[in-house]
Structure formats: structure tokens, C-alpha cells
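Shown next: my_file-v7.cif, given as mmCIF, C-alpha atoms.
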```
data_run
#
loop_
_atom_site.group_PDB
_atom_site.id
_atom_site.type_symbol
_atom_site.label_atom_id
_atom_site.label_comp_id
_atom_site.auth_asym_id
_atom_site.auth_seq_id
_atom_site.Cartn_x
_atom_site.Cartn_y
_atom_site.Cartn_z
ATOM 1 C CA MET A 1 108.018 -132.146 121.761
ATOM 2 C CA VAL A 2 108.172 -130.958 118.137
ATOM 3 C CA THR A 3 111.529 -132.704 117.634
ATOM 4 C CA ARG A 4 110.234 -136.151 118.583
ATOM 5 C CA LYS A 5 110.697 -138.890 115.987
ATOM 6 C CA GLY A 6 107.297 -140.438 116.526
ATOM 7 C CA ALA A 7 106.319 -144.006 117.269
ATOM 8 C CA LYS A 8 106.717 -146.737 114.660
ATOM 9 C CA ARG A 9 103.169 -148.006 115.237
ATOM 10 C CA PRO A 10 99.949 -146.184 116.183
ATOM 11 C CA VAL A 11 99.580 -148.324 119.308
ATOM 12 C CA ASP A 12 103.006 -147.190 120.487
ATOM 13 C CA VAL A 13 102.246 -143.453 120.523
ATOM 14 C CA PRO A 14 102.890 -142.287 124.115
ATOM 15 C CA VAL A 15 99.773 -141.431 126.112
ATOM 16 C CA GLU A 16 100.829 -137.831 126.727
ATOM 17 C CA VAL A 17 101.482 -137.263 123.014
ATOM 18 C CA LEU A 18 98.169 -138.855 122.046
ATOM 19 C CA GLN A 19 96.324 -136.615 124.497
ATOM 20 C CA GLN A 20 97.830 -133.532 122.888
ATOM 21 C CA LEU A 21 97.092 -134.809 119.395
ATOM 22 C CA ASN A 22 93.483 -135.584 120.300
ATOM 23 C CA SER A 23 93.010 -132.144 121.839
ATOM 24 C CA GLY A 24 94.401 -130.416 118.753
ATOM 25 C CA GLU A 25 97.324 -128.843 120.587
ATOM 26 C CA ILE A 26 100.126 -130.301 118.472
ATOM 27 C CA GLU A 27 100.809 -131.690 115.007
ATOM 28 C CA THR A 28 101.640 -135.271 114.142
ATOM 29 C CA VAL A 29 105.213 -136.062 113.130
ATOM 30 C CA ASN A 30 104.694 -139.280 111.159
ATOM 31 C CA LEU A 31 102.068 -141.555 109.661
ATOM 32 C CA SER A 32 101.726 -143.648 112.817
ATOM 33 C CA GLU A 33 100.666 -140.591 114.777
ATOM 34 C CA CYS A 34 98.279 -139.575 112.007
ATOM 35 C CA LEU A 35 96.605 -142.974 112.213
ATOM 36 C CA ALA A 36 96.475 -142.864 116.011
ATOM 37 C CA VAL A 37 94.412 -139.665 116.242
ATOM 38 C CA ASP A 38 90.894 -140.207 117.596
ATOM 39 C CA PHE A 39 88.698 -138.156 115.256
ATOM 40 C CA VAL A 40 85.695 -138.107 117.584
ATOM 41 C CA THR A 41 87.718 -136.840 120.542
ATOM 42 C CA LEU A 42 89.518 -134.271 118.410
ATOM 43 C CA MET A 43 86.303 -132.956 116.894
ATOM 44 C CA GLY A 44 84.827 -132.678 120.377
ATOM 45 C CA HIS A 45 87.661 -130.294 121.244
ATOM 46 C CA VAL A 46 87.588 -128.327 117.989
ATOM 47 C CA VAL A 47 83.811 -128.028 117.561
ATOM 48 C CA PRO A 48 82.303 -129.142 120.901
ATOM 49 C CA GLU A 49 78.728 -128.918 119.656
ATOM 50 C CA LEU A 50 79.500 -131.650 117.122
ATOM 51 C CA ALA A 51 80.731 -134.204 119.667
ATOM 52 C CA SER A 52 77.538 -136.249 119.587
ATOM 53 C CA ALA A 53 77.143 -136.124 115.809
ATOM 54 C CA ALA A 54 80.781 -137.072 115.332
ATOM 55 C CA LYS A 55 80.352 -140.119 117.546
ATOM 56 C CA SER A 56 77.461 -141.388 115.444
ATOM 57 C CA ARG A 57 78.833 -140.459 112.009
ATOM 58 C CA ILE A 58 82.567 -141.157 112.232
ATOM 59 C CA GLN A 59 83.135 -144.886 112.555
ATOM 60 C CA PRO A 60 86.576 -145.959 113.855
ATOM 61 C CA SER A 61 86.261 -149.180 111.841
ATOM 62 C CA ASN A 62 86.378 -147.223 108.577
ATOM 63 C CA GLY A 63 89.657 -146.458 106.850
ATOM 64 C CA ILE A 64 91.254 -143.099 107.494
ATOM 65 C CA THR A 65 90.362 -141.612 104.087
ATOM 66 C CA LYS A 66 86.705 -142.483 104.635
ATOM 67 C CA ARG A 67 86.822 -140.902 108.090
ATOM 68 C CA MET A 68 88.445 -137.777 106.662
ATOM 69 C CA LEU A 69 85.675 -137.541 104.063
ATOM 70 C CA VAL A 70 82.897 -137.934 106.645
ATOM 71 C CA ALA A 71 84.551 -135.399 108.948
ATOM 72 C CA GLY A 72 84.736 -132.850 106.133
ATOM 73 C CA GLU A 73 81.083 -133.390 105.230
ATOM 74 C CA LEU A 74 79.977 -133.089 108.855
ATOM 75 C CA LEU A 75 81.922 -129.872 109.394
ATOM 76 C CA LEU A 76 80.573 -128.363 106.188
ATOM 77 C CA GLU A 77 77.009 -129.199 107.217
ATOM 78 C CA HIS A 78 77.480 -127.504 110.577
ATOM 79 C CA LEU A 79 79.831 -124.604 109.818
ATOM 80 C CA GLY A 80 79.112 -123.929 106.152
ATOM 81 C CA ALA A 81 81.797 -122.971 103.658
ATOM 82 C CA GLU A 82 82.604 -119.883 105.722
ATOM 83 C CA GLY A 83 83.983 -122.182 108.419
ATOM 84 C CA PHE A 84 86.787 -123.289 106.127
ATOM 85 C CA GLN A 85 89.264 -120.581 107.136
ATOM 86 C CA ARG A 86 88.789 -121.318 110.824
ATOM 87 C CA LEU A 87 89.815 -124.937 110.322
ATOM 88 C CA ALA A 88 92.419 -124.312 107.613
ATOM 89 C CA SER A 89 94.485 -122.282 110.090
ATOM 90 C CA HIS A 90 94.095 -124.657 113.045
ATOM 91 C CA PRO A 91 97.252 -125.867 114.872
ATOM 92 C CA SER A 92 96.282 -129.509 114.269
ATOM 93 C CA ASP A 93 97.337 -130.958 110.919
ATOM 94 C CA THR A 94 94.397 -133.370 111.108
ATOM 95 C CA VAL A 95 91.964 -130.470 111.422
ATOM 96 C CA ARG A 96 93.571 -128.709 108.481
ATOM 97 C CA GLY A 97 93.109 -131.981 106.587
ATOM 98 C CA TRP A 98 89.410 -131.877 107.477
ATOM 99 C CA ALA A 99 89.326 -128.406 105.949
ATOM 100 C CA ALA A 100 90.623 -129.899 102.691
ATOM 101 C CA TYR A 101 87.758 -132.366 102.696
ATOM 102 C CA MET A 102 85.311 -129.532 103.282
ATOM 103 C CA VAL A 103 86.454 -128.113 99.946
ATOM 104 C CA THR A 104 85.581 -131.297 98.093
ATOM 105 C CA ALA A 105 82.116 -131.428 99.701
ATOM 106 C CA ILE A 106 81.028 -127.863 98.867
ATOM 107 C CA PRO A 107 78.388 -128.059 96.118
ATOM 108 C CA ASP A 108 78.253 -125.979 92.943
ATOM 109 C CA MET A 109 81.912 -124.997 92.730
ATOM 110 C CA THR A 110 84.056 -125.119 89.628
ATOM 111 C CA LEU A 111 87.302 -127.054 89.612
ATOM 112 C CA ILE A 112 89.236 -123.790 89.406
ATOM 113 C CA GLN A 113 87.438 -122.477 92.492
ATOM 114 C CA ARG A 114 88.229 -125.646 94.423
ATOM 115 C CA LEU A 115 91.889 -125.517 93.408
ATOM 116 C CA ASP A 116 92.157 -121.876 94.407
ATOM 117 C CA MET A 117 90.549 -122.609 97.774
ATOM 118 C CA ILE A 118 92.739 -125.603 98.573
ATOM 119 C CA ARG A 119 95.964 -124.012 97.357
ATOM 120 C CA PRO A 120 97.213 -122.904 100.828
ATOM 121 C CA LEU A 121 96.725 -126.452 102.111
ATOM 122 C CA ALA A 122 98.533 -127.869 99.088
ATOM 123 C CA ASP A 123 101.459 -125.675 100.178
ATOM 124 C CA ASP A 124 101.107 -126.410 103.897
ATOM 125 C CA ASN A 125 104.271 -126.907 105.949
ATOM 126 C CA HIS A 126 103.013 -130.298 107.136
ATOM 127 C CA PHE A 127 103.486 -133.389 104.984
ATOM 128 C CA GLY A 128 100.126 -134.853 105.988
ATOM 129 C CA VAL A 129 98.084 -131.793 105.099
ATOM 130 C CA ARG A 130 99.673 -131.678 101.664
ATOM 131 C CA GLU A 131 98.633 -135.315 101.127
ATOM 132 C CA TRP A 132 95.066 -134.686 102.297
ATOM 133 C CA ALA A 133 94.845 -131.701 99.958
ATOM 134 C CA TRP A 134 95.380 -133.713 96.785
ATOM 135 C CA LEU A 135 93.489 -136.743 98.048
ATOM 136 C CA ALA A 136 90.493 -134.564 98.872
ATOM 137 C CA LEU A 137 90.283 -133.143 95.348
ATOM 138 C CA ARG A 138 91.219 -136.353 93.559
ATOM 139 C CA SER A 139 87.626 -137.278 92.619
ATOM 140 C CA HIS A 140 86.981 -133.832 91.100
ATOM 141 C CA ILE A 141 90.310 -133.902 89.271
ATOM 142 C CA ALA A 142 89.714 -137.437 87.965
ATOM 143 C CA THR A 143 86.317 -136.623 86.470
ATOM 144 C CA GLN A 144 87.698 -133.472 84.792
ATOM 145 C CA ILE A 145 91.192 -134.686 84.076
ATOM 146 C CA ARG A 146 91.839 -132.740 80.862
ATOM 147 C CA ASP A 147 90.591 -129.493 82.412
ATOM 148 C CA ALA A 148 92.579 -130.189 85.579
ATOM 149 C CA ILE A 149 95.789 -130.725 83.631
ATOM 150 C CA GLN A 150 95.239 -127.521 81.685
ATOM 151 C CA VAL A 151 94.642 -125.499 84.860
ATOM 152 C CA MET A 152 97.497 -126.983 86.853
ATOM 153 C CA THR A 153 100.170 -126.494 84.219
ATOM 154 C CA ALA A 154 100.406 -122.973 85.658
ATOM 155 C CA TRP A 155 101.302 -124.454 89.046
ATOM 156 C CA LEU A 156 104.474 -125.911 87.558
ATOM 157 C CA GLY A 157 105.961 -122.439 87.348
ATOM 158 C CA GLU A 158 105.520 -121.826 91.068
ATOM 159 C CA SER A 159 108.616 -121.444 93.236
ATOM 160 C CA SER A 160 107.165 -123.754 95.874
ATOM 161 C CA PRO A 161 107.979 -127.425 95.188
ATOM 162 C CA ASN A 162 104.863 -128.302 97.197
ATOM 163 C CA LEU A 163 102.610 -126.756 94.564
ATOM 164 C CA ARG A 164 104.528 -128.284 91.678
ATOM 165 C CA ARG A 165 104.311 -131.651 93.375
ATOM 166 C CA PHE A 166 100.551 -131.272 93.994
ATOM 167 C CA ALA A 167 99.952 -130.894 90.252
ATOM 168 C CA ILE A 168 101.761 -134.169 89.576
ATOM 169 C CA GLU A 169 100.684 -136.231 92.559
ATOM 170 C CA SER A 170 96.998 -135.385 92.231
ATOM 171 C CA THR A 171 96.932 -136.682 88.658
ATOM 172 C CA ARG A 172 98.840 -139.938 89.058
ATOM 173 C CA PRO A 173 97.203 -142.655 86.930
ATOM 174 C CA ARG A 174 96.995 -145.072 89.848
ATOM 175 C CA GLY A 175 97.753 -142.987 92.886
ATOM 176 C CA VAL A 176 97.896 -144.031 96.515
ATOM 177 C CA TRP A 177 94.875 -144.543 98.793
ATOM 178 C CA CYS A 178 92.614 -143.437 95.962
ATOM 179 C CA SER A 179 90.809 -144.620 92.858
ATOM 180 C CA HIS A 180 92.619 -144.928 89.551
ATOM 181 C CA ILE A 181 92.157 -142.587 86.594
ATOM 182 C CA GLN A 182 91.365 -144.911 83.701
ATOM 183 C CA GLN A 183 91.903 -142.252 81.040
ATOM 184 C CA LEU A 184 95.506 -141.823 82.136
ATOM 185 C CA LYS A 185 96.102 -145.552 82.504
ATOM 186 C CA ASP A 186 94.995 -146.018 78.906
ATOM 187 C CA ASN A 187 96.366 -142.771 77.483
ATOM 188 C CA PRO A 188 99.154 -141.399 79.719
ATOM 189 C CA GLU A 189 100.215 -139.005 76.968
ATOM 190 C CA ILE A 190 97.333 -136.806 78.155
ATOM 191 C CA GLY A 191 99.523 -135.951 81.143
ATOM 192 C CA LEU A 192 102.590 -134.839 79.185
ATOM 193 C CA PRO A 193 101.801 -131.107 79.556
ATOM 194 C CA LEU A 194 102.291 -131.612 83.308
ATOM 195 C CA LEU A 195 105.276 -133.921 83.124
ATOM 196 C CA GLU A 196 107.466 -132.172 80.549
ATOM 197 C CA PRO A 197 108.043 -128.937 82.543
ATOM 198 C CA VAL A 198 109.317 -130.883 85.576
ATOM 199 C CA ARG A 199 111.407 -133.550 83.866
ATOM 200 C CA ALA A 200 114.527 -131.926 85.376
ATOM 201 C CA ASP A 201 113.016 -130.357 88.483
ATOM 202 C CA VAL A 202 115.602 -129.427 91.106
ATOM 203 C CA SER A 203 113.442 -130.686 93.993
ATOM 204 C CA SER A 204 113.708 -134.373 94.905
ATOM 205 C CA TYR A 205 110.173 -134.061 96.316
ATOM 206 C CA VAL A 206 108.909 -133.236 92.822
ATOM 207 C CA GLN A 207 111.260 -135.683 91.112
ATOM 208 C CA ASP A 208 109.880 -138.558 93.174
ATOM 209 C CA SER A 209 106.329 -137.629 92.233
ATOM 210 C CA VAL A 210 107.146 -137.461 88.512
ATOM 211 C CA ALA A 211 108.900 -140.825 88.740
ATOM 212 C CA ASN A 212 105.941 -142.345 90.546
ATOM 213 C CA TRP A 213 103.548 -140.927 87.937
ATOM 214 C CA LEU A 214 105.533 -142.644 85.190
ATOM 215 C CA ASN A 215 105.891 -145.827 87.230
ATOM 216 C CA ASP A 216 102.097 -145.908 87.507
ATOM 217 C CA ALA A 217 101.764 -145.471 83.761
ATOM 218 C CA ALA A 218 104.335 -148.197 83.098
ATOM 219 C CA LYS A 219 102.011 -150.801 84.590
ATOM 220 C CA SER A 220 99.616 -150.416 81.668
ATOM 221 C CA ARG A 221 101.753 -148.640 79.033
ATOM 222 C CA PRO A 222 105.358 -149.811 79.567
ATOM 223 C CA ASP A 223 106.473 -149.081 75.996
ATOM 224 C CA TRP A 224 105.265 -145.493 76.254
ATOM 225 C CA VAL A 225 107.122 -144.868 79.508
ATOM 226 C CA GLN A 226 110.321 -146.376 78.113
ATOM 227 C CA MET A 227 110.013 -144.140 75.051
ATOM 228 C CA ILE A 228 109.503 -141.023 77.184
ATOM 229 C CA CYS A 229 112.479 -141.829 79.401
ATOM 230 C CA ARG A 230 114.730 -142.437 76.384
ATOM 231 C CA ARG A 231 113.720 -139.131 74.861
ATOM 232 C CA TRP A 232 114.067 -137.195 78.094
ATOM 233 C CA GLN A 233 117.568 -138.490 78.719
ATOM 234 C CA LEU A 234 118.608 -137.518 75.198
ATOM 235 C CA GLU A 235 117.092 -134.043 75.452
ATOM 236 C CA SER A 236 117.857 -133.384 79.127
ATOM 237 C CA ASP A 237 121.187 -134.866 80.110
ATOM 238 C CA THR A 238 120.992 -133.866 83.775
ATOM 239 C CA PRO A 239 121.315 -135.756 87.073
ATOM 240 C CA GLU A 240 117.723 -134.772 87.886
ATOM 241 C CA THR A 241 116.282 -136.314 84.732
ATOM 242 C CA THR A 242 118.425 -139.417 85.148
ATOM 243 C CA ARG A 243 117.150 -139.857 88.695
ATOM 244 C CA ILE A 244 113.529 -139.487 87.569
ATOM 245 C CA CYS A 245 113.897 -141.988 84.748
ATOM 246 C CA THR A 246 115.759 -144.516 86.866
ATOM 247 C CA ARG A 247 112.997 -144.472 89.445
ATOM 248 C CA ALA A 248 110.261 -144.401 86.800
ATOM 249 C CA LEU A 249 111.486 -147.666 85.275
ATOM 250 C CA ARG A 250 111.991 -149.549 88.544
ATOM 251 C CA SER A 251 108.918 -151.776 88.215
ATOM 252 C CA LEU A 252 109.891 -152.753 84.690
ATOM 253 C CA ARG A 253 113.401 -153.696 85.853
ATOM 254 C CA ASP A 254 112.033 -155.672 88.808
ATOM 255 C CA SER A 255 109.660 -157.636 86.568
ATOM 256 C CA LYS A 256 112.439 -158.971 84.374
#
```
Show me this structure written as C-alpha cells.
Amino acid sequence: MVTRKGAKRPVDVPVEVLQQLNSGEIETVNLSECLAVDFVTLMGHVVPELASAAKSRIQPSNGITKRMLVAGELLLEHLGAEGFQRLASHPSDTVRGWAAYMVTAIPDMTLIQRLDMIRPLADDNHFGVREWAWLALRSHIATQIRDAIQVMTAWLGESSPNLRRFAIESTRPRGVWCSHIQQLKDNPEIGLPLLEPVRADVSSYVQDSVANWLNDAAKSRPDWVQMICRRWQLESDTPETTRICTRALRSLRDSK
């Protein structure tokens, strides 16, 4: 079952696979399966006493990020912060994603504390959990962007490309499925302490994130991004840097 490719559309997920996903027995293998999971049914299996509350609070008509947020808030209300570890180690990637959203809902925590708590999820072996980790903390990172950049520069020295990528992806000026960070749209140079150390990163996973960060910035500061890419390619004549810069400038090329 773990080697399945996954359906192309949520409605095409086989019944037997959906049953296992909704009971928390297996992980999703692609975005379609992630979107197909019934949060209310899954929560009824994971925390049975919350089945009724989940049905009233988690609305299927809402987008998935909104449902993730509500699920995290509901679980925090019922389990408290001490319930985080129980969910963060669950076999279901969706449940581990809920754990990430518990972190963002805990009151009176510093940004450093939140980053330390979510770190294992940022380095999770599942692609979806890693996305939920940065999406969950995005609002905290956005409102403390200079502090966040200062703290996460240390993550760029980590051996795990997942952690290096988290530092970049979570601070993208425009991002995906999330609000924009106006400070970085207007002044992308604020993010250079994060970008410079990974301008020749060996991991394509990190390279893509750096390129996307710059591509975001190019939509409001194209001259700045072109300048950075010219400098990088002069100072770092490597295939990795070339790949990053080529991808970073794609929107500018397409607009010509």
C-alpha cells in the first residue's frame, strides 16, 4: 500500500485507501489524498471524545488550511500543550499536521520556543507535514520577520535539507496558500542573510525554495532580483547557483 502512486483527484481515491486514511492507519502519498481526508472522521478515530465538537467546528466547505487551523485549536483546547507529542508522533501525516497547528495556537510563547517545538515536524519524513509546519508558523514569522530571519540563519547550517528549506520557504515574500509578507515584498534585501548561505546549496529541494523566494521578490522588485542573480553567478560559478538563478528569473523571462 505504501508504494501506491495515489489518485490524480480527491474523488478518485479508492474507498479502501480512504477508509485507512480516515482512520489514521496510513499516510497520504500525494496532494489529492491529503485533500480527500475527512477531518471529522479522522478526529473521531484519533480523539473519540472530540467527535461531536469536530462535527460542529470543522466545516467541510472551508479550505484545507482553515480546517487545519480549526483542528489545531480544537485539539489544543481539549488536550492542552502537553498533548502535542501524542499527535506529533501519530502514524497519520494529517494528524501530525494538526500538531503543527497546535503550536501556532499555544498562547504566550516566544518565536524561538515555537520554532524549537515545531522543528521535528519541519524535518518530518512526509512532504505534507513539512508544508504544514511552515504554514502553521507563517503568521508568527511574518509579524516578527526580522527576528525570525535572525533565528533561522542557524538552521542553514543544518545537515538536513528539510530544515534549510523550512527557513527559506517559511519566509517567502508571497508564499503559497498563505498571506504575503509586505516588508519582504517592499524590501527583499531583509532576507539576504537567509538567502546568501544557500545560494549554491547541493539539495534541489532547497534550491527550488531559494529560486521561488527570489521569483516572489521579482514580482515587486525585479531589478533587485536581477542584480542579486548577476552577482551570485559572478561570485559562485556553480551548476547549483546557475539553476537557482535560472528558475528565479523565470517570471521575468515569461513576461517579456
Notebook entry, point to check: CA of Tyr101 in chain A and CA of Gly72 in chain A are how many Å apart?
Noted result: 4.6 Å
Next item on the list: Might you pull out every residue within 8 Å of range 19-32 of chain A, with all atoms listed in the file counted and same-chain residues fewer than 6 positions away left off, and present them as JSON, numbers by chain?
Entry: {"A": [2, 4, 5, 6, 7, 8, 9, 10, 13, 38, 39, 41, 42, 45, 46, 91, 92, 93, 94, 95, 128]}
Margin query: For a quick check of your reading of the model, name the residues lying within 8 Å of the coordinate (100.1, -145.1, 83.8), counting only C-alpha atoms, and write them as a list of chain:residue names.
Written below: A:Arg172, A:Pro173, A:Arg174, A:Leu184, A:Lys185, A:Asp186, A:Asn187, A:Pro188, A:Trp213, A:Leu214, A:Asn215, A:Asp216, A:Ala217, A:Ala218, A:Lys219, A:Ser220, A:Arg221
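Counting from CA of Glu158 in chain A, the distance to CA of Ala211 in chain A is 19.4 Å.
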Next item on the list: With the file shown as input, list the residues that the PyMOL selection byres ((chain A and resi 171) around 9) selects, as a ChimeraX atom specification.
Entry: /A:134,138,141-142,145,148-149,166-170,172-175,181,184,191,213
Restricted to C-alpha atoms, what would the selected residues look like written as a PDB file, in the frame of the given file?
```
ATOM      1  CA  TRP A 134      95.380-133.713  96.785  1.00  0.00           C
ATOM      2  CA  ARG A 138      91.219-136.353  93.559  1.00  0.00           C
ATOM      3  CA  ILE A 141      90.310-133.902  89.271  1.00  0.00           C
ATOM      4  CA  ALA A 142      89.714-137.437  87.965  1.00  0.00           C
ATOM      5  CA  ILE A 145      91.192-134.686  84.076  1.00  0.00           C
ATOM      6  CA  ALA A 148      92.579-130.189  85.579  1.00  0.00           C
ATOM      7  CA  ILE A 149      95.789-130.725  83.631  1.00  0.00           C
ATOM      8  CA  PHE A 166     100.551-131.272  93.994  1.00  0.00           C
ATOM      9  CA  ALA A 167      99.952-130.894  90.252  1.00  0.00           C
ATOM     10  CA  ILE A 168     101.761-134.169  89.576  1.00  0.00           C
ATOM     11  CA  GLU A 169     100.684-136.231  92.559  1.00  0.00           C
ATOM     12  CA  SER A 170      96.998-135.385  92.231  1.00  0.00           C
ATOM     13  CA  ARG A 172      98.840-139.938  89.058  1.00  0.00           C
ATOM     14  CA  PRO A 173      97.203-142.655  86.930  1.00  0.00           C
ATOM     15  CA  ARG A 174      96.995-145.072  89.848  1.00  0.00           C
ATOM     16  CA  GLY A 175      97.753-142.987  92.886  1.00  0.00           C
ATOM     17  CA  ILE A 181      92.157-142.587  86.594  1.00  0.00           C
ATOM     18  CA  LEU A 184      95.506-141.823  82.136  1.00  0.00           C
ATOM     19  CA  GLY A 191      99.523-135.951  81.143  1.00  0.00           C
ATOM     20  CA  TRP A 213     103.548-140.927  87.937  1.00  0.00           C
TER      21      TRP A 213
END
```
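Picked by the PyMOL selection byres ((chain A and resi 55) around 10) from the coordinates shown: Phe39, Val40, Thr41, Met43, Gly44, Leu50, Ala51, Ser52, Ala53, Ala54, Ser56, Arg57, Ile58, Gln59 and Pro60 of chain A.
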Next item on the list: On this file, the PyMOL selection byres ((chain A and resi 230-242) around 9) gives some set of residues; write that set as a list in words.
Entry: Glu196, Val198, Arg199, Ala200, Asp201, Val202, Ser203, Ser204, Gln207, Val225, Gln226, Met227, Ile228, Cys229, Arg243, Ile244, Cys245, Thr246 and Arg247 of chain A
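Note that the spacing between CA of Leu121 in chain A and CA of Val17 in chain A amounts to 24.0 Å.
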